[in-house]
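*Asks:* Following this message is one structure expressed as structure tokens.
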Amino acid sequence: MKVSLQTKILILVLSLVLFVIIVLTASYSYSEAKEIEEERGQTALKISRTISLMPQLTDMFQTNDPAQVIQPAMERIREQIDAEFIVVGDQEGIRYSHTNPEQIGEEMVGGDNDRALVEGESYISRADGSLGPSLRGKSPIFNQDGEIIGIVSVGFLVEDIQERILNDVIDVTYRSLIVFVIAIIGSVLLARNIRRDTMGLEPYQIAKLYTERDAILESVREGILSYDRTGGITMMNHTARKLLNVQGSFQNSKIEDVLPGSSHYELFKTGKPQMDQELSLEDKTLIVNQTPIFHKDEVKEVVASFRDKTEFEQMLNTISEVQSYSEDLRAQTHEFTNKLYVLSSLLQLGEYEEAVRMIQSETTELQIKNRILFNQLEDTKIQAVILGKMGKASEQKINFDIDSNSSLHTLPNHIKLTHLIVIIGNLLDNAFEAVSLNHEHSYVTFFATDLGNDIIFEVHDNGTGISEKNKALLFNRDFTQKKSHDPRGYGLANVHETVSQLGGLVEVQSEVGEGSVFTVYLPKELKWKGEQ
């Protein structure tokens with residue numbers, strides 16, 4: 001059974017307050033009892049001294065019946081000072097006065113008179129008398145010659161002293177109870193306030209949410225961070241650190257230092273999310289979404305999520321290349337269908353010899369290409385890509401040949417079909433476009449080999465060629481030599497990125513008006529096992 005946070009706070013606070021109250025009450029009661037007893041003792045002692053020094057009392061001792069005059073005088077004094085008793089005795093300890101007149105003439109009890117009658121001292125004693133346990137102040141009575149002629153004993157009953165102490169303790173206890181009630185009310189209010197601040201969640205629930213939050217933040221591929229009104233970063237996941245190149249602690253970092261921009265603080269004023277904003281950094285472009293976090297209708301923090309735009313572009317480009325591959329296959333089908341229609345027409349017209357020549361021509365050309373394609377290029381992925389491009393070249397009336405010296409076994413597993421579509425597909429498409437407007441004797445040649453440690457693909461065309469100036473920009477995004485309203489300049493950039501991912505390189509040999517040769521080198525084994 002789990003105890004709630006509110007109950008824990010109540011138990012802890014009330015236990016501490018109760019402990020402090022008990023300790024303070026006990027300490028106060030003890031010191032108060034000592035103080036009252038000391039005060040009563042000193043009062044009794046001072047009164048006894050005062051009475052013993054009264055000249056009238058000495059004169060009363062010289063009368064024939066001292067008790068007759070001493071008793072009423074002492075009673076008047078006792079009533080005024082509120083003492084329990086004032087006893088005056090002679091040097092033998094025989095009473096001359098007492099609260100109870102019947103005790104007059106009797107010997108004083110308690111056994112504590114010697115210090116006064118023998119040694120002449122004034123002192124405080126505690127003893128059991130005729131009225132019960134009492135606290136007494138005793139002083140000797142001297143005559144004019146300095147001789148001890150009697151004793152004065154002023155006392156307060158211990159029972160009365162204890163009653164006064166008890167009354168004080170009860171008063172302190174009442175005050176302590178009031179403090180304890182206030183502590184109960186304060187503890188309840190504190191517990192409710194803490195529960196409201198924690199949104200009604202218990203500590204174990206908060207810990208669970210915190211653990212789940214960390215797991216979620218570290219599992220997503222998007223960079224996520226949050227910052228407060230001062231711009232201080234309060235949270236950042238691993239992906240965000242990687243994308244923003246943040247090393248070490250981010251506790252003292254500002255949002256503008258890691259995520260440049262002027263719109264961060266506007267969210268605290270407007271409270272409106274900012275979605276799909278592009279932010280250019282030194283080496284990448286990020287797509288940033290920023291969402292404000294409200295607390296009591298006020299923006300307290302902002303959560304920013306972002307992802308490298310390059311990933312989206314790579315995904316879109318891959319889809320585009322697959323679509324292009326599909327179009328190539330469609331073109332091949334379309335071209336083959338057209339030839340079937342022509343052949344059908346020749347047969348219907350009775351032009352059998354022409355039909356045979358057409359079949360023989362197509363068969364001879366296909367046999368040469370297919371022999372190289374299927375016998376020398378053994379990888380089915382390469383065969384699929386080249387077949388599609390052969391159909392596209394045929395439809396565009398481009399002379400597309402496979403070098404007879406080509407030789408290729410099955411490709412390693414880390415080279416996927418999508419890689420080949422991007423690399424070979426883009427290089428052949430560029431070659432087709434380069435020769436399409438050149439002249440009638442345009443041609444494109446494809447060569448592949450896996451001799452040695454690398455897999456080599458080479459595409460040669462006799463198109464317009466590339467200038468030295470453009471060679472330096474050839475693999476940059478958005479760079480193109482083609483005039484078009486459609487977005488261009490991604491094909492060779494994608495080729496370069498894909499080849500780099502596979503640990504290879506691309507070489508370009510070209511002269512203006514002399515055509516171009518693109519050569520791709522892909523290692524058979526990746527140097528980085530993580531990438532493999």
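We label chains A, B, ... in the order they appear in the structure tokens, count residues from 1 in each chain, and number ligands from 1 in the order shown.
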Leu279 (chain A): which residues within 8 Å, counting only C-alpha atoms, same-chain residues fewer than 4 positions away excluded, as a list in words?
*Replies:* Pro260, Gly261, Thr285, Leu286, Ile287 and Val288 of chain A
*Asks:* Can those selected residues be exported to a file as a tab-separated table (two decimals), in the first residue's frame so that it contains C-alpha atoms?
*Replies:*
chain	number	residue	atom	x	y	z
A	260	PRO	CA	19.90	31.05	-34.36
A	261	GLY	CA	16.84	33.12	-35.13
A	285	THR	CA	19.07	23.02	-43.18
A	286	LEU	CA	16.58	22.24	-40.41
A	287	ILE	CA	12.78	22.15	-40.45
A	288	VAL	CA	11.77	23.68	-37.09
*Asks:* Need the shell around region 204-214 of chain A: protein/DNA/RNA residues with any atom at most 12 Å away, counting only C-alpha atoms. Skip same-chain ones fewer than 6 positions apart. Format as a PDB file with C-alpha atoms, in the first residue's frame?
*Replies:*
ATOM      1  CA  LYS A   2       1.470   3.336  -1.109  1.00  0.00           C
ATOM      2  CA  VAL A   3       1.026   6.300   1.208  1.00  0.00           C
ATOM      3  CA  SER A   4       0.077   9.551  -0.539  1.00  0.00           C
ATOM      4  CA  LEU A   5       2.362  12.573  -0.539  1.00  0.00           C
ATOM      5  CA  ARG A 195      -0.309  18.521  -4.590  1.00  0.00           C
ATOM      6  CA  ASP A 197       1.828  22.175  -7.967  1.00  0.00           C
ATOM      7  CA  THR A 198       2.403  18.516  -8.864  1.00  0.00           C
ATOM      8  CA  VAL A 220      12.560   9.776 -31.374  1.00  0.00           C
ATOM      9  CA  ILE A 224      13.751  18.229 -29.260  1.00  0.00           C
ATOM     10  CA  MET A 235      15.990  20.248 -21.848  1.00  0.00           C
ATOM     11  CA  MET A 236      17.667  18.766 -24.917  1.00  0.00           C
ATOM     12  CA  ASN A 237      17.641  15.203 -26.231  1.00  0.00           C
ATOM     13  CA  HIS A 238      20.511  13.322 -27.849  1.00  0.00           C
TER      14      HIS A 238
END
*Asks:* For the structure I just gave you, how does DSSP split region 2-172 of chain A - specifically, which residues are alpha helix (DSSP H)? Reply as a ChimeraX atom specification.
*Replies:* /A:5-52,55-60,66-81,114-117,158-172
*Asks:* Compare A:Ile141, A:Ile255, A:Ile11, A:Leu408 by their minimum atom-to-atom distance to Leu373 (chain A), counting only C-alpha atoms, and give me the closest one.
*Replies:* A:Leu408
*Asks:* Can I get the residues of region 60-105 of chain A within 12 Å of region 159-166 of chain A, each with the closest pair of atoms and their distance in Å to one decimal, using only C-alpha atoms, sorted chain first then ascending number, as CSV?
*Replies:*
residue,atom,partner,partner_atom,distance
A:Asp82,CA,A:Asp160,CA,11.4
A:Ala83,CA,A:Asp160,CA,10.4
A:Glu84,CA,A:Asp160,CA,9.0
*Asks:* Write out as a list in words the residues lying within 8 Å of region 517-521 of chain A, counting only C-alpha atoms and excluding same-chain residues fewer than 4 positions away.
*Replies:* Leu427, Asp454, Ile455, Ile456, Phe457, Glu458, Val459, His460, Asp461, Val499, Gly504, Leu505, Val506, Glu507, Val508, Gln509 and Ser510 of chain A
*Asks:* Can you pull out the residues contacting region 241-248 of chain A? Cut-off 12 Å, using only C-alpha atoms, and skip same-chain residues under 6 positions away; I want them as a PyMOL selection string.
*Replies:* chain A and resi 217-218+221-225+233+235+254-260+279-288+305-310
*Asks:* Check the smallest atom-to-atom distance from each of A:Thr337, A:Val435, A:Ile372, A:Ser500 to Ile423 (chain A) using only C-alpha atoms, then report the winner.
*Replies:*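 Nearest candidate to Ile423 (chain A) out of A:Thr337, A:Val435, A:Ile372, A:Ser500: A:Ser500.
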*Asks:* Please list as JSON, numbers by chain every residue within 9 Å of region 86-95 of chain A, counting only C-alpha atoms and excluding residues in the same chain fewer than 3 positions away.
*Replies:* {"A": [48, 61, 67, 70, 71, 74, 75, 77, 78, 83, 98, 99, 103, 104, 105, 106, 107, 108, 109, 113, 117, 118, 140, 141, 148, 149, 150, 151, 152, 153, 154, 155]}
*Asks:* Hey, what does DSSP flag as strand (DSSP E) within region 392-473 of chain A? Can you give it to me as a PDB file with all heavy atoms, in the first residue's frame?
*Replies:*
ATOM      1  N   ASN A 399      21.184   5.923 -78.996  1.00  0.00           N
ATOM      2  CA  ASN A 399      21.972   4.709 -79.131  1.00  0.00           C
ATOM      3  C   ASN A 399      22.631   4.397 -77.787  1.00  0.00           C
ATOM      4  O   ASN A 399      23.614   5.021 -77.405  1.00  0.00           O
ATOM      5  CB  ASN A 399      23.030   4.899 -80.225  1.00  0.00           C
ATOM      6  CG  ASN A 399      23.788   3.597 -80.493  1.00  0.00           C
ATOM      7  OD1 ASN A 399      23.332   2.524 -80.110  1.00  0.00           O
ATOM      8  ND2 ASN A 399      24.944   3.711 -81.126  1.00  0.00           N
ATOM      9  N   PHE A 400      22.076   3.402 -77.098  1.00  0.00           N
ATOM     10  CA  PHE A 400      22.557   3.038 -75.773  1.00  0.00           C
ATOM     11  C   PHE A 400      23.144   1.639 -75.838  1.00  0.00           C
ATOM     12  O   PHE A 400      22.446   0.669 -76.174  1.00  0.00           O
ATOM     13  CB  PHE A 400      21.420   3.106 -74.761  1.00  0.00           C
ATOM     14  CG  PHE A 400      21.813   2.612 -73.379  1.00  0.00           C
ATOM     15  CD1 PHE A 400      23.007   3.015 -72.774  1.00  0.00           C
ATOM     16  CD2 PHE A 400      20.979   1.751 -72.688  1.00  0.00           C
ATOM     17  CE1 PHE A 400      23.344   2.550 -71.520  1.00  0.00           C
ATOM     18  CE2 PHE A 400      21.320   1.291 -71.424  1.00  0.00           C
ATOM     19  CZ  PHE A 400      22.505   1.689 -70.839  1.00  0.00           C
ATOM     20  N   ASP A 401      24.448   1.531 -75.523  1.00  0.00           N
ATOM     21  CA  ASP A 401      25.136   0.242 -75.607  1.00  0.00           C
ATOM     22  C   ASP A 401      25.763  -0.106 -74.266  1.00  0.00           C
ATOM     23  O   ASP A 401      26.120   0.776 -73.464  1.00  0.00           O
ATOM     24  CB  ASP A 401      26.238   0.286 -76.658  1.00  0.00           C
ATOM     25  CG  ASP A 401      25.667   0.422 -78.061  1.00  0.00           C
ATOM     26  OD1 ASP A 401      24.628  -0.214 -78.326  1.00  0.00           O
ATOM     27  OD2 ASP A 401      26.240   1.199 -78.846  1.00  0.00           O
ATOM     28  N   ILE A 402      25.921  -1.413 -74.068  1.00  0.00           N
ATOM     29  CA  ILE A 402      26.649  -1.926 -72.901  1.00  0.00           C
ATOM     30  C   ILE A 402      28.007  -2.383 -73.394  1.00  0.00           C
ATOM     31  O   ILE A 402      28.101  -3.184 -74.346  1.00  0.00           O
ATOM     32  CB  ILE A 402      25.898  -3.092 -72.235  1.00  0.00           C
ATOM     33  CG1 ILE A 402      24.489  -2.666 -71.828  1.00  0.00           C
ATOM     34  CG2 ILE A 402      26.662  -3.594 -71.014  1.00  0.00           C
ATOM     35  CD1 ILE A 402      23.638  -3.811 -71.297  1.00  0.00           C
ATOM     36  N   TYR A 443      25.453   8.835 -78.740  1.00  0.00           N
ATOM     37  CA  TYR A 443      25.506   7.505 -78.133  1.00  0.00           C
ATOM     38  C   TYR A 443      25.842   7.645 -76.641  1.00  0.00           C
ATOM     39  O   TYR A 443      26.452   8.613 -76.183  1.00  0.00           O
ATOM     40  CB  TYR A 443      26.557   6.618 -78.823  1.00  0.00           C
ATOM     41  CG  TYR A 443      27.986   7.084 -78.617  1.00  0.00           C
ATOM     42  CD1 TYR A 443      28.718   6.658 -77.498  1.00  0.00           C
ATOM     43  CD2 TYR A 443      28.600   7.932 -79.543  1.00  0.00           C
ATOM     44  CE1 TYR A 443      30.022   7.086 -77.312  1.00  0.00           C
ATOM     45  CE2 TYR A 443      29.892   8.356 -79.360  1.00  0.00           C
ATOM     46  CZ  TYR A 443      30.608   7.927 -78.235  1.00  0.00           C
ATOM     47  OH  TYR A 443      31.893   8.363 -78.036  1.00  0.00           O
ATOM     48  N   VAL A 444      25.434   6.605 -75.920  1.00  0.00           N
ATOM     49  CA  VAL A 444      25.747   6.483 -74.482  1.00  0.00           C
ATOM     50  C   VAL A 444      26.206   5.060 -74.250  1.00  0.00           C
ATOM     51  O   VAL A 444      25.568   4.108 -74.727  1.00  0.00           O
ATOM     52  CB  VAL A 444      24.525   6.802 -73.600  1.00  0.00           C
ATOM     53  CG1 VAL A 444      24.859   6.540 -72.130  1.00  0.00           C
ATOM     54  CG2 VAL A 444      24.065   8.234 -73.799  1.00  0.00           C
ATOM     55  N   THR A 445      27.303   4.932 -73.535  1.00  0.00           N
ATOM     56  CA  THR A 445      27.868   3.605 -73.263  1.00  0.00           C
ATOM     57  C   THR A 445      27.946   3.381 -71.757  1.00  0.00           C
ATOM     58  O   THR A 445      28.361   4.281 -71.007  1.00  0.00           O
ATOM     59  CB  THR A 445      29.274   3.468 -73.870  1.00  0.00           C
ATOM     60  OG1 THR A 445      29.210   3.755 -75.258  1.00  0.00           O
ATOM     61  CG2 THR A 445      29.819   2.066 -73.658  1.00  0.00           C
ATOM     62  N   PHE A 446      27.562   2.155 -71.351  1.00  0.00           N
ATOM     63  CA  PHE A 446      27.641   1.786 -69.937  1.00  0.00           C
ATOM     64  C   PHE A 446      28.655   0.662 -69.774  1.00  0.00           C
ATOM     65  O   PHE A 446      28.662  -0.299 -70.540  1.00  0.00           O
ATOM     66  CB  PHE A 446      26.271   1.335 -69.427  1.00  0.00           C
ATOM     67  CG  PHE A 446      26.299   0.810 -68.024  1.00  0.00           C
ATOM     68  CD1 PHE A 446      26.376   1.670 -66.933  1.00  0.00           C
ATOM     69  CD2 PHE A 446      26.260  -0.557 -67.778  1.00  0.00           C
ATOM     70  CE1 PHE A 446      26.405   1.170 -65.636  1.00  0.00           C
ATOM     71  CE2 PHE A 446      26.291  -1.065 -66.488  1.00  0.00           C
ATOM     72  CZ  PHE A 446      26.365  -0.199 -65.405  1.00  0.00           C
ATOM     73  N   PHE A 447      29.508   0.814 -68.772  1.00  0.00           N
ATOM     74  CA  PHE A 447      30.530  -0.204 -68.485  1.00  0.00           C
ATOM     75  C   PHE A 447      30.497  -0.524 -67.000  1.00  0.00           C
ATOM     76  O   PHE A 447      30.335   0.368 -66.156  1.00  0.00           O
ATOM     77  CB  PHE A 447      31.910   0.314 -68.892  1.00  0.00           C
ATOM     78  CG  PHE A 447      33.050  -0.569 -68.427  1.00  0.00           C
ATOM     79  CD1 PHE A 447      33.345  -1.761 -69.088  1.00  0.00           C
ATOM     80  CD2 PHE A 447      33.816  -0.212 -67.316  1.00  0.00           C
ATOM     81  CE1 PHE A 447      34.384  -2.575 -68.648  1.00  0.00           C
ATOM     82  CE2 PHE A 447      34.858  -1.020 -66.886  1.00  0.00           C
ATOM     83  CZ  PHE A 447      35.145  -2.204 -67.546  1.00  0.00           C
ATOM     84  N   ALA A 448      30.659  -1.826 -66.668  1.00  0.00           N
ATOM     85  CA  ALA A 448      30.697  -2.249 -65.261  1.00  0.00           C
ATOM     86  C   ALA A 448      31.676  -3.388 -65.094  1.00  0.00           C
ATOM     87  O   ALA A 448      31.769  -4.271 -65.959  1.00  0.00           O
ATOM     88  CB  ALA A 448      29.307  -2.671 -64.789  1.00  0.00           C
ATOM     89  N   THR A 449      32.393  -3.367 -63.971  1.00  0.00           N
ATOM     90  CA  THR A 449      33.327  -4.458 -63.669  1.00  0.00           C
ATOM     91  C   THR A 449      33.531  -4.509 -62.163  1.00  0.00           C
ATOM     92  O   THR A 449      33.381  -3.506 -61.451  1.00  0.00           O
ATOM     93  CB  THR A 449      34.675  -4.238 -64.375  1.00  0.00           C
ATOM     94  OG1 THR A 449      35.540  -5.361 -64.088  1.00  0.00           O
ATOM     95  CG2 THR A 449      35.349  -2.963 -63.882  1.00  0.00           C
ATOM     96  N   ASP A 454      37.317  -3.007 -55.914  1.00  0.00           N
ATOM     97  CA  ASP A 454      36.208  -2.066 -56.081  1.00  0.00           C
ATOM     98  C   ASP A 454      35.269  -2.536 -57.179  1.00  0.00           C
ATOM     99  O   ASP A 454      35.635  -3.277 -58.089  1.00  0.00           O
ATOM    100  CB  ASP A 454      36.726  -0.665 -56.448  1.00  0.00           C
ATOM    101  CG  ASP A 454      37.537  -0.044 -55.329  1.00  0.00           C
ATOM    102  OD1 ASP A 454      37.200  -0.317 -54.156  1.00  0.00           O
ATOM    103  OD2 ASP A 454      38.495   0.697 -55.610  1.00  0.00           O
ATOM    104  N   ILE A 455      34.040  -2.084 -57.061  1.00  0.00           N
ATOM    105  CA  ILE A 455      33.039  -2.251 -58.120  1.00  0.00           C
ATOM    106  C   ILE A 455      33.017  -0.945 -58.899  1.00  0.00           C
ATOM    107  O   ILE A 455      32.861   0.136 -58.310  1.00  0.00           O
ATOM    108  CB  ILE A 455      31.666  -2.556 -57.536  1.00  0.00           C
ATOM    109  CG1 ILE A 455      31.718  -3.878 -56.751  1.00  0.00           C
ATOM    110  CG2 ILE A 455      30.616  -2.638 -58.635  1.00  0.00           C
ATOM    111  CD1 ILE A 455      30.514  -4.103 -55.871  1.00  0.00           C
ATOM    112  N   ILE A 456      33.166  -1.024 -60.230  1.00  0.00           N
ATOM    113  CA  ILE A 456      33.312   0.188 -61.045  1.00  0.00           C
ATOM    114  C   ILE A 456      32.159   0.266 -62.037  1.00  0.00           C
ATOM    115  O   ILE A 456      31.865  -0.700 -62.753  1.00  0.00           O
ATOM    116  CB  ILE A 456      34.661   0.195 -61.805  1.00  0.00           C
ATOM    117  CG1 ILE A 456      35.827   0.108 -60.805  1.00  0.00           C
ATOM    118  CG2 ILE A 456      34.774   1.447 -62.671  1.00  0.00           C
ATOM    119  CD1 ILE A 456      37.182  -0.065 -61.471  1.00  0.00           C
ATOM    120  N   PHE A 457      31.495   1.427 -62.055  1.00  0.00           N
ATOM    121  CA  PHE A 457      30.478   1.736 -63.053  1.00  0.00           C
ATOM    122  C   PHE A 457      30.961   2.954 -63.837  1.00  0.00           C
ATOM    123  O   PHE A 457      31.422   3.938 -63.249  1.00  0.00           O
ATOM    124  CB  PHE A 457      29.125   2.059 -62.404  1.00  0.00           C
ATOM    125  CG  PHE A 457      28.571   0.947 -61.551  1.00  0.00           C
ATOM    126  CD1 PHE A 457      28.232   1.158 -60.222  1.00  0.00           C
ATOM    127  CD2 PHE A 457      28.385  -0.311 -62.081  1.00  0.00           C
ATOM    128  CE1 PHE A 457      27.722   0.137 -59.433  1.00  0.00           C
ATOM    129  CE2 PHE A 457      27.872  -1.345 -61.304  1.00  0.00           C
ATOM    130  CZ  PHE A 457      27.545  -1.127 -59.976  1.00  0.00           C
ATOM    131  N   GLU A 458      30.809   2.880 -65.160  1.00  0.00           N
ATOM    132  CA  GLU A 458      31.260   4.005 -65.991  1.00  0.00           C
ATOM    133  C   GLU A 458      30.193   4.310 -67.043  1.00  0.00           C
ATOM    134  O   GLU A 458      29.680   3.407 -67.700  1.00  0.00           O
ATOM    135  CB  GLU A 458      32.591   3.671 -66.657  1.00  0.00           C
ATOM    136  CG  GLU A 458      33.185   4.838 -67.451  1.00  0.00           C
ATOM    137  CD  GLU A 458      34.561   4.467 -68.020  1.00  0.00           C
ATOM    138  OE1 GLU A 458      35.553   4.590 -67.271  1.00  0.00           O
ATOM    139  OE2 GLU A 458      34.598   4.034 -69.186  1.00  0.00           O
ATOM    140  N   VAL A 459      29.854   5.588 -67.148  1.00  0.00           N
ATOM    141  CA  VAL A 459      28.871   6.041 -68.144  1.00  0.00           C
ATOM    142  C   VAL A 459      29.574   7.067 -69.038  1.00  0.00           C
ATOM    143  O   VAL A 459      30.081   8.089 -68.555  1.00  0.00           O
ATOM    144  CB  VAL A 459      27.639   6.668 -67.458  1.00  0.00           C
ATOM    145  CG1 VAL A 459      26.687   7.217 -68.518  1.00  0.00           C
ATOM    146  CG2 VAL A 459      26.933   5.641 -66.581  1.00  0.00           C
ATOM    147  N   HIS A 460      29.567   6.771 -70.338  1.00  0.00           N
ATOM    148  CA  HIS A 460      30.266   7.627 -71.302  1.00  0.00           C
ATOM    149  C   HIS A 460      29.249   8.137 -72.319  1.00  0.00           C
ATOM    150  O   HIS A 460      28.434   7.358 -72.851  1.00  0.00           O
ATOM    151  CB  HIS A 460      31.379   6.822 -71.999  1.00  0.00           C
ATOM    152  CG  HIS A 460      32.140   7.603 -73.019  1.00  0.00           C
ATOM    153  ND1 HIS A 460      32.726   7.011 -74.114  1.00  0.00           N
ATOM    154  CD2 HIS A 460      32.385   8.935 -73.137  1.00  0.00           C
ATOM    155  CE1 HIS A 460      33.311   7.942 -74.848  1.00  0.00           C
ATOM    156  NE2 HIS A 460      33.118   9.117 -74.281  1.00  0.00           N
ATOM    157  N   ASP A 461      29.265   9.444 -72.569  1.00  0.00           N
ATOM    158  CA  ASP A 461      28.381  10.002 -73.592  1.00  0.00           C
ATOM    159  C   ASP A 461      29.169  10.974 -74.460  1.00  0.00           C
ATOM    160  O   ASP A 461      30.248  11.433 -74.074  1.00  0.00           O
ATOM    161  CB  ASP A 461      27.184  10.706 -72.937  1.00  0.00           C
ATOM    162  CG  ASP A 461      27.579  11.955 -72.180  1.00  0.00           C
ATOM    163  OD1 ASP A 461      27.899  12.976 -72.811  1.00  0.00           O
ATOM    164  OD2 ASP A 461      27.581  11.911 -70.912  1.00  0.00           O
TER     165      ASP A 461
END
*Asks:* So, counting only C-alpha atoms, which residue among A:Gly503, A:Gly120, A:Glu39, A:Leu177 is closest to His414 (chain A)?
*Replies:* A:Gly503
*Asks:* Tell me which of A:Glu79, A:Leu14, A:Ile424, A:Tyr123 sits closest to Val181 (chain A), counting only C-alpha atoms.
*Replies:*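 So, comparing all the options, the nearest one is A:Leu14.
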*Asks:* Would you mind listing what lies within 9 Å of Gly41 (chain A) as an NGL selection string, with only C-alpha atoms counted and same-chain residues fewer than 6 positions away left out?
*Replies:* :A and (124-125 or 135-137 or 155-156)
*Asks:* List as an MDAnalysis selection string the protein and nucleic acid residues near Asp379 (chain A), meaning an atom at most 12 Å away when only C-alpha atoms are counted, but skip any in the same chain fewer than 4 places from it.
*Replies:* chainID A and resid 372:375 383:386 407:413 415:417 420 448:450
*Asks:* Atoms to include: N, CA and C atoms. Write the selected residues as a PDB file, in the first residue's frame.
*Replies:*
ATOM      1  N   ILE A 372      25.290  -9.656 -73.235  1.00  0.00           N
ATOM      2  CA  ILE A 372      26.146  -8.934 -72.289  1.00  0.00           C
ATOM      3  C   ILE A 372      25.414  -8.724 -70.962  1.00  0.00           C
ATOM      4  N   LEU A 373      24.120  -8.340 -71.088  1.00  0.00           N
ATOM      5  CA  LEU A 373      23.370  -7.994 -69.881  1.00  0.00           C
ATOM      6  C   LEU A 373      23.159  -9.196 -68.975  1.00  0.00           C
ATOM      7  N   PHE A 374      22.771 -10.317 -69.543  1.00  0.00           N
ATOM      8  CA  PHE A 374      22.401 -11.451 -68.701  1.00  0.00           C
ATOM      9  C   PHE A 374      23.542 -12.427 -68.463  1.00  0.00           C
ATOM     10  N   ASN A 375      24.536 -12.452 -69.377  1.00  0.00           N
ATOM     11  CA  ASN A 375      25.649 -13.383 -69.211  1.00  0.00           C
ATOM     12  C   ASN A 375      26.843 -12.758 -68.506  1.00  0.00           C
ATOM     13  N   GLN A 383      20.647  -5.721 -63.793  1.00  0.00           N
ATOM     14  CA  GLN A 383      19.893  -6.089 -64.997  1.00  0.00           C
ATOM     15  C   GLN A 383      18.565  -5.332 -65.060  1.00  0.00           C
ATOM     16  N   ALA A 384      17.873  -5.212 -63.920  1.00  0.00           N
ATOM     17  CA  ALA A 384      16.581  -4.531 -63.895  1.00  0.00           C
ATOM     18  C   ALA A 384      16.734  -3.061 -64.243  1.00  0.00           C
ATOM     19  N   VAL A 385      17.741  -2.397 -63.656  1.00  0.00           N
ATOM     20  CA  VAL A 385      17.941  -0.969 -63.916  1.00  0.00           C
ATOM     21  C   VAL A 385      18.306  -0.732 -65.385  1.00  0.00           C
ATOM     22  N   ILE A 386      19.227  -1.547 -65.916  1.00  0.00           N
ATOM     23  CA  ILE A 386      19.681  -1.355 -67.299  1.00  0.00           C
ATOM     24  C   ILE A 386      18.560  -1.644 -68.292  1.00  0.00           C
ATOM     25  N   SER A 407      31.942  -6.944 -66.984  1.00  0.00           N
ATOM     26  CA  SER A 407      31.901  -8.223 -66.267  1.00  0.00           C
ATOM     27  C   SER A 407      31.577  -7.931 -64.807  1.00  0.00           C
ATOM     28  N   LEU A 408      30.492  -8.549 -64.329  1.00  0.00           N
ATOM     29  CA  LEU A 408      30.064  -8.211 -62.967  1.00  0.00           C
ATOM     30  C   LEU A 408      29.354  -9.402 -62.339  1.00  0.00           C
ATOM     31  N   HIS A 409      29.815  -9.761 -61.133  1.00  0.00           N
ATOM     32  CA  HIS A 409      29.146 -10.828 -60.390  1.00  0.00           C
ATOM     33  C   HIS A 409      28.074 -10.208 -59.478  1.00  0.00           C
ATOM     34  N   THR A 410      27.458 -11.054 -58.690  1.00  0.00           N
ATOM     35  CA  THR A 410      26.419 -10.567 -57.771  1.00  0.00           C
ATOM     36  C   THR A 410      27.019  -9.539 -56.806  1.00  0.00           C
ATOM     37  N   LEU A 411      26.318  -8.428 -56.633  1.00  0.00           N
ATOM     38  CA  LEU A 411      26.828  -7.340 -55.796  1.00  0.00           C
ATOM     39  C   LEU A 411      26.728  -7.684 -54.299  1.00  0.00           C
ATOM     40  N   PRO A 412      27.571  -7.071 -53.477  1.00  0.00           N
ATOM     41  CA  PRO A 412      27.484  -7.289 -52.021  1.00  0.00           C
ATOM     42  C   PRO A 412      26.123  -6.854 -51.476  1.00  0.00           C
ATOM     43  N   ASN A 413      25.778  -7.394 -50.307  1.00  0.00           N
ATOM     44  CA  ASN A 413      24.455  -7.142 -49.733  1.00  0.00           C
ATOM     45  C   ASN A 413      24.240  -5.685 -49.344  1.00  0.00           C
ATOM     46  N   ILE A 415      24.906  -3.081 -50.958  1.00  0.00           N
ATOM     47  CA  ILE A 415      24.510  -2.250 -52.099  1.00  0.00           C
ATOM     48  C   ILE A 415      23.093  -2.656 -52.492  1.00  0.00           C
ATOM     49  N   LYS A 416      22.131  -1.776 -52.208  1.00  0.00           N
ATOM     50  CA  LYS A 416      20.723  -2.080 -52.420  1.00  0.00           C
ATOM     51  C   LYS A 416      20.266  -1.603 -53.807  1.00  0.00           C
ATOM     52  N   LEU A 417      19.041  -2.047 -54.172  1.00  0.00           N
ATOM     53  CA  LEU A 417      18.461  -1.632 -55.446  1.00  0.00           C
ATOM     54  C   LEU A 417      18.260  -0.117 -55.490  1.00  0.00           C
ATOM     55  N   LEU A 420      21.389   1.629 -56.495  1.00  0.00           N
ATOM     56  CA  LEU A 420      21.682   1.512 -57.929  1.00  0.00           C
ATOM     57  C   LEU A 420      20.765   2.406 -58.752  1.00  0.00           C
ATOM     58  N   ALA A 448      30.659  -1.826 -66.668  1.00  0.00           N
ATOM     59  CA  ALA A 448      30.697  -2.249 -65.261  1.00  0.00           C
ATOM     60  C   ALA A 448      31.676  -3.388 -65.094  1.00  0.00           C
ATOM     61  N   THR A 449      32.393  -3.367 -63.971  1.00  0.00           N
ATOM     62  CA  THR A 449      33.327  -4.458 -63.669  1.00  0.00           C
ATOM     63  C   THR A 449      33.531  -4.509 -62.163  1.00  0.00           C
ATOM     64  N   ASP A 450      33.859  -5.716 -61.694  1.00  0.00           N
ATOM     65  CA  ASP A 450      34.164  -5.872 -60.270  1.00  0.00           C
ATOM     66  C   ASP A 450      35.546  -6.492 -60.067  1.00  0.00           C
TER      67      ASP A 450
END
*Asks:* Could you check the closest approach to Ile81 (chain A) for each of A:Glu37, A:Ile47, A:Lys392, A:Ala116 and tell me which residue wins, using only C-alpha atoms?
*Replies:*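 Residue with the minimum atom-to-atom distance to Ile81 (chain A): A:Ile47.
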*Asks:* Rounded to one decimal, what separation in Å do you get between CA of Tyr30 (chain A) and CA of Ile182 (chain A)?
*Replies:*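 Computing it gives 24.9 Å between the two atoms.
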